[in-house]
Protein chains: 4
Amino acid sequence: MFVLVNLKTYPCDPLEVAEAVRDVDDETDARIAVAPQATHLERVAETGAETWAQHVDPIDYGSNTGHTLAETVADAGADGTLLNHSEQRLKLADIDGAVQAAQRADLETIVCANNPAQIGAAAALGPDAVAVEPPELIGTGTPVSQADPDIVEDAVDAAANVDDDVDVLCGAGISTGDDVVAAGDLGAEGVLLASGVAKADDPRAALEDLVEPL
Amino acid sequence: MFVLVNLKTYPCDPLEVAEAVRDVDDETDARIAVAPQATHLERVAETGAETWAQHVDPIDYGSNTGHTLAETVADAGADGTLLNHSEQRLKLADIDGAVQAAQRADLETIVCANNPAQIGAAAALGPDAVAVEPPELIGTGTPVSQADPDIVEDAVDAAANVDDDVDVLCGAGISTGDDVVAAGDLGAEGVLLASGVAKADDPRAALEDLVEPL
Amino acid sequence: MFVLVNLKTYPCDPLEVAEAVRDVDDETDARIAVAPQATHLERVAETGAETWAQHVDPIDYGSNTGHTLAETVADAGADGTLLNHSEQRLKLADIDGAVQAAQRADLETIVCANNPAQIGAAAALGPDAVAVEPPELIGTGTPVSQADPDIVEDAVDAAANVDDDVDVLCGAGISTGDDVVAAGDLGAEGVLLASGVAKADDPRAALEDLVEPL
Amino acid sequence: MFVLVNLKTYPCDPLEVAEAVRDVDDETDARIAVAPQATHLERVAETGAETWAQHVDPIDYGSNTGHTLAETVADAGADGTLLNHSEQRLKLADIDGAVQAAQRADLETIVCANNPAQIGAAAALGPDAVAVEPPELIGTGTPVSQADPDIVEDAVDAAANVDDDVDVLCGAGISTGDDVVAAGDLGAEGVLLASGVAKADDPRAALEDLVEPL
């Protein structure tokens, strides 16, 4: 299982979380990575934790004031990038352009989407993975495996129908290790996490609890 | 073949074009429709021409000042709607929402996109049809069949890979009857036209020339 | 006082409301107008009611699929247009472009904004009027004169500081005739209304109640 | 005069430019600063050069994946931020929110805009400065003082009419030291530069040439 911890713009210490991510990744079979703010990418990557960007723009080098360039993110040490997160929804043409920009810079890509139909659409753009974020579960703490298990299985089917090589992650409704296991049982290859680790008093303990059942 | 004449915000007489569309549709085997501005929908539909909207928003009845509601468009007499036209690019989640809104109001849907990858994505959202608009051909007058025939065939393959029931239209690079025939030979079920008819001195003659080879 | 009834995309009969607007305008000293959806503009204007658009785009005649052209709106019989309504927020450069487009087509303009600072900004773009819509009052039914009278007075001051010729309307928190009077006492030259009239069982009676104290 | 060198997403070495900015600032009376990409902010600030962000979002700490938080930018060492650059146009309400976010984090603010009307609007939002970027001059190399001197003077008047405390910068059409002097003669308190320094073979020499006539 791949566990990606999204730090959003939380008031957490990105280096503390990154060190926990690095250490728990070393101690377990799970692959664990952290997605800090763009401004923190380089220092987070220097911890040795696998580091992801939260977003890159569908641009190349040039006149793009205030935008995030895939090459800059990669040079800072990032291995991949989220795209089209529910807090950063993009135009279809821009998701396509951003996937291409990320691939040009050798970044892995996870494209987020709301439901199985959009997951199929995202998979058609050729990312490495897609993440299904049912809007009704975002931020609720309700595990997707209890609230709406069909949506994960339907997302897995929708992606497979379009491109067998695209992994599916579960992007909402994950707070415990049992949720991670349940997501895997439904066909997900990984999960997106955020506040459960990033805002925990002890991020390392929170991560260890999450991956312990794996 | 389906021929959809998009009037954009051209300074043309929408009723004159609509009457030409209605008459040439009656005289030939081609299916021909016209897409006027939202403000002109009702009067255009009253001509008896098959009428399409240029866009509907991913909304329901309610507090949506300045937006276009699928039910209002349908009540005005529209049979379908374009979505995600290159001049009206939408977020992936909003294309999905707009396809659902259109289907709720019994409107047919054509989702436009730039290239075969995006065509696959658009097809995954379950519209009736998709239209490939290669950006390098938009507004050039260069026929797609000469400039880049692979893009139409690749779009047909991309849509079929996702959903066999979704038709593919050719949305740029069509100015003559030969271009329409060529698009059909490449697997397209129809074409989007704009200035060639809408800005013609004699829209009826322009349409007749276009469908004559069919 | 100017009373503008915004029909949004409510499931109301736009002609019934328009006829009430026309008749109550005739019977009273208030100036009353109605803002239907773009698709309804022409038929609403034919009732003889003063008709406004809910939005126009910062465009000219041309390749603007799915957009709303000021000239088309004016030709349909509209006398003015709302811009930057809280449900249709625009980029600063696009508000400027849309005010210019509206003026080119001889449409009056009301630019909406959230607070006194933004009201000053909107006034600097040279519209006929601005409307302050405090987000915390939108759709609450709480009268602005009770909840936050300072915001109206501050908006009047902010507009006057920039351009004395720009009227200020109160765009939220108006449900009764007393609210209209209170808004006038705070310096507003008019009010924006929506559901209170548009969704009333008897729109004419609702309007008569609203303007009765004037 | 304030000279802000915007590095956009150019393929330049941000540290080389930052060191030139720091040194030339020390050697001259001009105030010179550099605006790198968000990912480069911390390392650029560590050079001792005055460092600005290219953009911050109208957000607070929280769930804002992929966005730029003013506090993060300030903690990385930035002293200010550009807002609403012509390559990053924002909604009016979001410029207001971003100015407030920046002020909360003690960042100086420069709001860019196209023309005198929009400059007045930007000034009404209470930033430290505004920068006028006539679209017809962006990237042309034509000095604004030759092409359209009135636009700078009109921008100065428009800002002063709204708020005397808001400085006006000239944001396009500056390539030489004479252009900087001319902008100052027209009432500008500073200039925005980009490729002339960022893409120069020798950024230090380019900067020295620019500030030499001051």
# chains A, B, ... in the order shown; residues from 1 in each chain; ligands from 1
call {"tool": "residues_around", "arguments": {"residues": "Ala198 of chain B", "least_positions_apart": "2", "cutoff": "7 Å", "atoms": "only C-alpha atoms", "output": "PyMOL selection string"}}
result
chain B and resi 7+12+17+194-196+200+203
call {"tool": "write_last_selection", "arguments": {"atoms": "N, CA, C and O atoms", "output": "PDB file, in the first residue's frame"}}
result
ATOM      1  N   LEU B   7     -23.327  29.248 -33.719  1.00  0.00           N
ATOM      2  CA  LEU B   7     -23.388  30.684 -34.059  1.00  0.00           C
ATOM      3  C   LEU B   7     -22.523  31.556 -33.141  1.00  0.00           C
ATOM      4  O   LEU B   7     -22.432  32.771 -33.352  1.00  0.00           O
ATOM      5  N   CYS B  12     -24.484  37.576 -36.716  1.00  0.00           N
ATOM      6  CA  CYS B  12     -25.337  37.049 -37.786  1.00  0.00           C
ATOM      7  C   CYS B  12     -26.797  37.122 -37.366  1.00  0.00           C
ATOM      8  O   CYS B  12     -27.111  37.370 -36.201  1.00  0.00           O
ATOM      9  N   VAL B  17     -30.174  31.912 -40.300  1.00  0.00           N
ATOM     10  CA  VAL B  17     -29.394  30.666 -40.305  1.00  0.00           C
ATOM     11  C   VAL B  17     -30.286  29.496 -39.896  1.00  0.00           C
ATOM     12  O   VAL B  17     -30.230  28.413 -40.492  1.00  0.00           O
ATOM     13  N   ALA B 194     -18.824  26.577 -37.833  1.00  0.00           N
ATOM     14  CA  ALA B 194     -19.165  27.873 -37.243  1.00  0.00           C
ATOM     15  C   ALA B 194     -19.177  28.940 -38.330  1.00  0.00           C
ATOM     16  O   ALA B 194     -20.158  29.057 -39.069  1.00  0.00           O
ATOM     17  N   SER B 195     -18.081  29.662 -38.476  1.00  0.00           N
ATOM     18  CA  SER B 195     -18.107  30.846 -39.327  1.00  0.00           C
ATOM     19  C   SER B 195     -18.431  30.526 -40.789  1.00  0.00           C
ATOM     20  O   SER B 195     -19.040  31.353 -41.475  1.00  0.00           O
ATOM     21  N   GLY B 196     -18.030  29.346 -41.267  1.00  0.00           N
ATOM     22  CA  GLY B 196     -18.260  29.010 -42.674  1.00  0.00           C
ATOM     23  C   GLY B 196     -19.718  29.134 -43.076  1.00  0.00           C
ATOM     24  O   GLY B 196     -20.036  29.514 -44.205  1.00  0.00           O
ATOM     25  N   ALA B 200     -21.490  33.379 -43.581  1.00  0.00           N
ATOM     26  CA  ALA B 200     -21.604  33.381 -45.039  1.00  0.00           C
ATOM     27  C   ALA B 200     -22.613  34.433 -45.485  1.00  0.00           C
ATOM     28  O   ALA B 200     -23.591  34.716 -44.780  1.00  0.00           O
ATOM     29  N   PRO B 203     -26.164  31.852 -46.018  1.00  0.00           N
ATOM     30  CA  PRO B 203     -25.983  30.661 -45.173  1.00  0.00           C
ATOM     31  C   PRO B 203     -26.601  29.404 -45.796  1.00  0.00           C
ATOM     32  O   PRO B 203     -26.053  28.316 -45.684  1.00  0.00           O
TER      33      PRO B 203
END
call {"tool": "interface_residues", "arguments": {"of": "chain B", "to": "chain C", "cutoff": "7 Å", "atoms": "only C-alpha atoms", "output": "JSON, numbers by chain"}}
result
{"B": [8, 9, 10, 11, 37, 38, 39, 40, 41, 54, 55, 61, 62, 63, 64, 65, 66, 69, 85, 87, 88]}
call {"tool": "atom_distance", "arguments": {"atom1": "atom CA of Val211 of chain C", "atom2": "atom CA of Glu50 of chain C"}}
result
16.1 Å
call {"tool": "residues_around", "arguments": {"residues": "segment 145-152 of chain A", "least_positions_apart": "4", "cutoff": "10 Å", "atoms": "only C-alpha atoms", "output": "number ranges by chain"}}
result
A: 114-116, 131-134, 136-137, 156-158, 168-171, 173-174, 178-188
call {"tool": "atom_distance", "arguments": {"atom1": "atom CA of Thr47 of chain C", "atom2": "atom CA of Gly190 of chain C"}}
result
22.6 Å
call {"tool": "residues_around", "arguments": {"residues": "Ala78 of chain B", "least_positions_apart": "4", "cutoff": "6 Å", "atoms": "only C-alpha atoms", "output": "compact mmCIF listing (two decimals) with all heavy atoms, in the first residue's frame"}}
result
# COMPACT_ATOMS: atom_id res chain seq x y z
N THR B 51 -32.46 22.70 -32.48
CA THR B 51 -31.77 23.79 -31.77
C THR B 51 -30.95 23.22 -30.62
O THR B 51 -31.44 22.38 -29.87
CB THR B 51 -32.82 24.80 -31.26
OG1 THR B 51 -33.56 25.28 -32.38
CG2 THR B 51 -32.15 25.97 -30.54
N TRP B 52 -29.73 23.70 -30.51
CA TRP B 52 -28.85 23.28 -29.43
C TRP B 52 -28.39 24.51 -28.65
O TRP B 52 -28.25 25.59 -29.19
CB TRP B 52 -27.61 22.56 -29.99
CG TRP B 52 -27.87 21.13 -30.35
CD1 TRP B 52 -28.84 20.65 -31.19
CD2 TRP B 52 -27.16 19.99 -29.86
NE1 TRP B 52 -28.78 19.28 -31.25
CE2 TRP B 52 -27.75 18.84 -30.45
CE3 TRP B 52 -26.08 19.81 -28.99
CZ2 TRP B 52 -27.30 17.55 -30.19
CZ3 TRP B 52 -25.62 18.52 -28.73
CH2 TRP B 52 -26.24 17.41 -29.32
N VAL B 73 -33.10 25.85 -20.77
CA VAL B 73 -32.70 25.65 -22.15
C VAL B 73 -33.63 24.64 -22.84
O VAL B 73 -34.06 24.85 -23.98
CB VAL B 73 -31.22 25.19 -22.14
CG1 VAL B 73 -30.84 24.46 -23.40
CG2 VAL B 73 -30.30 26.38 -21.88
N ALA B 74 -33.94 23.57 -22.13
CA ALA B 74 -34.83 22.55 -22.71
C ALA B 74 -36.24 23.11 -22.89
O ALA B 74 -36.88 22.89 -23.93
CB ALA B 74 -34.85 21.30 -21.82
call {"tool": "select_by_dssp", "arguments": {"residues": "segment 102-154 of chain D", "states": "helix (DSSP H, G or I)", "output": "list in words"}}
result
Ala102, Gln103, Arg104, Pro116, Ala117, Gln118, Ile119, Gly120, Ala121, Ala122, Ala123, Val144, Ser145, Gln146, Ala147, Pro149, Asp150, Ile151, Val152, Glu153 and Asp154 of chain D
call {"tool": "residues_around", "arguments": {"residues": "Ala101 of chain C", "least_positions_apart": "2", "cutoff": "7 Å", "atoms": "only C-alpha atoms", "output": "list in words"}}
result
Pro58, Ile59, Ala70, Gly97, Ala98, Val99, Gln103, Arg104 and Ala105 of chain C
call {"tool": "write_last_selection", "arguments": {"atoms": "N, CA, C and O atoms", "output": "short mmCIF file (atom, residue, chain, number, x, y, z; two decimals), in the first residue's frame"}}
result
data_model
loop_
_atom_site.label_atom_id
_atom_site.label_comp_id
_atom_site.auth_asym_id
_atom_site.auth_seq_id
_atom_site.Cartn_x
_atom_site.Cartn_y
_atom_site.Cartn_z
N PRO C 58 -17.19 40.01 -20.65
CA PRO C 58 -16.31 41.08 -21.16
C PRO C 58 -15.84 40.76 -22.58
O PRO C 58 -14.65 40.59 -22.81
N ILE C 59 -16.79 40.67 -23.48
CA ILE C 59 -16.48 40.25 -24.86
C ILE C 59 -17.13 41.18 -25.86
O ILE C 59 -17.97 42.01 -25.53
N ALA C 70 -23.19 41.67 -24.54
CA ALA C 70 -23.99 42.82 -24.11
C ALA C 70 -24.95 43.27 -25.20
O ALA C 70 -26.12 43.58 -24.92
N GLY C 97 -13.82 44.96 -18.05
CA GLY C 97 -14.20 44.68 -19.44
C GLY C 97 -15.70 44.57 -19.62
O GLY C 97 -16.25 45.00 -20.65
N ALA C 98 -16.38 44.01 -18.63
CA ALA C 98 -17.84 43.84 -18.76
C ALA C 98 -18.57 45.17 -18.58
O ALA C 98 -19.59 45.41 -19.24
N VAL C 99 -18.06 46.04 -17.70
CA VAL C 99 -18.66 47.38 -17.57
C VAL C 99 -18.51 48.11 -18.91
O VAL C 99 -19.47 48.73 -19.41
N GLN C 103 -21.54 49.34 -21.35
CA GLN C 103 -21.69 50.75 -21.73
C GLN C 103 -21.71 50.90 -23.25
O GLN C 103 -22.45 51.73 -23.79
N ARG C 104 -20.92 50.10 -23.93
CA ARG C 104 -20.89 50.11 -25.40
C ARG C 104 -22.26 49.77 -25.97
O ARG C 104 -22.67 50.27 -27.01
N ALA C 105 -23.02 48.94 -25.23
CA ALA C 105 -24.35 48.51 -25.68
C ALA C 105 -25.46 49.32 -25.02
O ALA C 105 -26.64 48.95 -25.11
#
call {"tool": "residues_around", "arguments": {"residues": "Ala159 of chain D", "least_positions_apart": "5", "cutoff": "9 Å", "atoms": "only C-alpha atoms", "output": "list in words"}}
result
Pro116, Ala117, Ile119, Gly120, Ala121, Ala122, Ala123, Ala124, Val130, Asp154, Asp164, Asp165, Val166, Asp167 and Val168 of chain D
call {"tool": "residues_around", "arguments": {"residues": "Asp29 of chain D", "least_positions_apart": "4", "cutoff": "10 Å", "atoms": "only C-alpha atoms", "output": "MDAnalysis selection string"}}
result
chainID D and resid 1:2 24:25 211:212 214
call {"tool": "write_last_selection", "arguments": {"atoms": "C-alpha atoms", "output": "PDB file, in the first residue's frame"}}
result
ATOM      1  CA  MET D   1      12.903  54.181  -6.798  1.00  0.00           C
ATOM      2  CA  PHE D   2      11.874  50.592  -6.013  1.00  0.00           C
ATOM      3  CA  VAL D  24      23.556  46.309  -6.378  1.00  0.00           C
ATOM      4  CA  ASP D  25      21.036  47.307  -3.716  1.00  0.00           C
ATOM      5  CA  VAL D 211      19.999  51.764 -11.757  1.00  0.00           C
ATOM      6  CA  GLU D 212      23.055  53.713 -12.959  1.00  0.00           C
ATOM      7  CA  LEU D 214      19.187  57.040 -10.782  1.00  0.00           C
TER       8      LEU D 214
END
call {"tool": "atom_distance", "arguments": {"atom1": "atom CA of Gly77 of chain A", "atom2": "atom CA of Leu193 of chain A"}}
result
20.9 Å
call {"tool": "select_by_dssp", "arguments": {"residues": "segment 39-214 of chain C", "states": "strand (DSSP E)", "output": "list in words"}}
result
Glu50, Thr51, Trp52, Ala53, Gly80, Thr81, Leu82, Leu83, Glu108, Thr109, Ile110, Val111, Cys112, Ala113, Ala129, Val130, Ala131, Val132, Asp167, Val168, Leu169, Cys170, Gly190, Val191, Leu192 and Leu193 of chain C
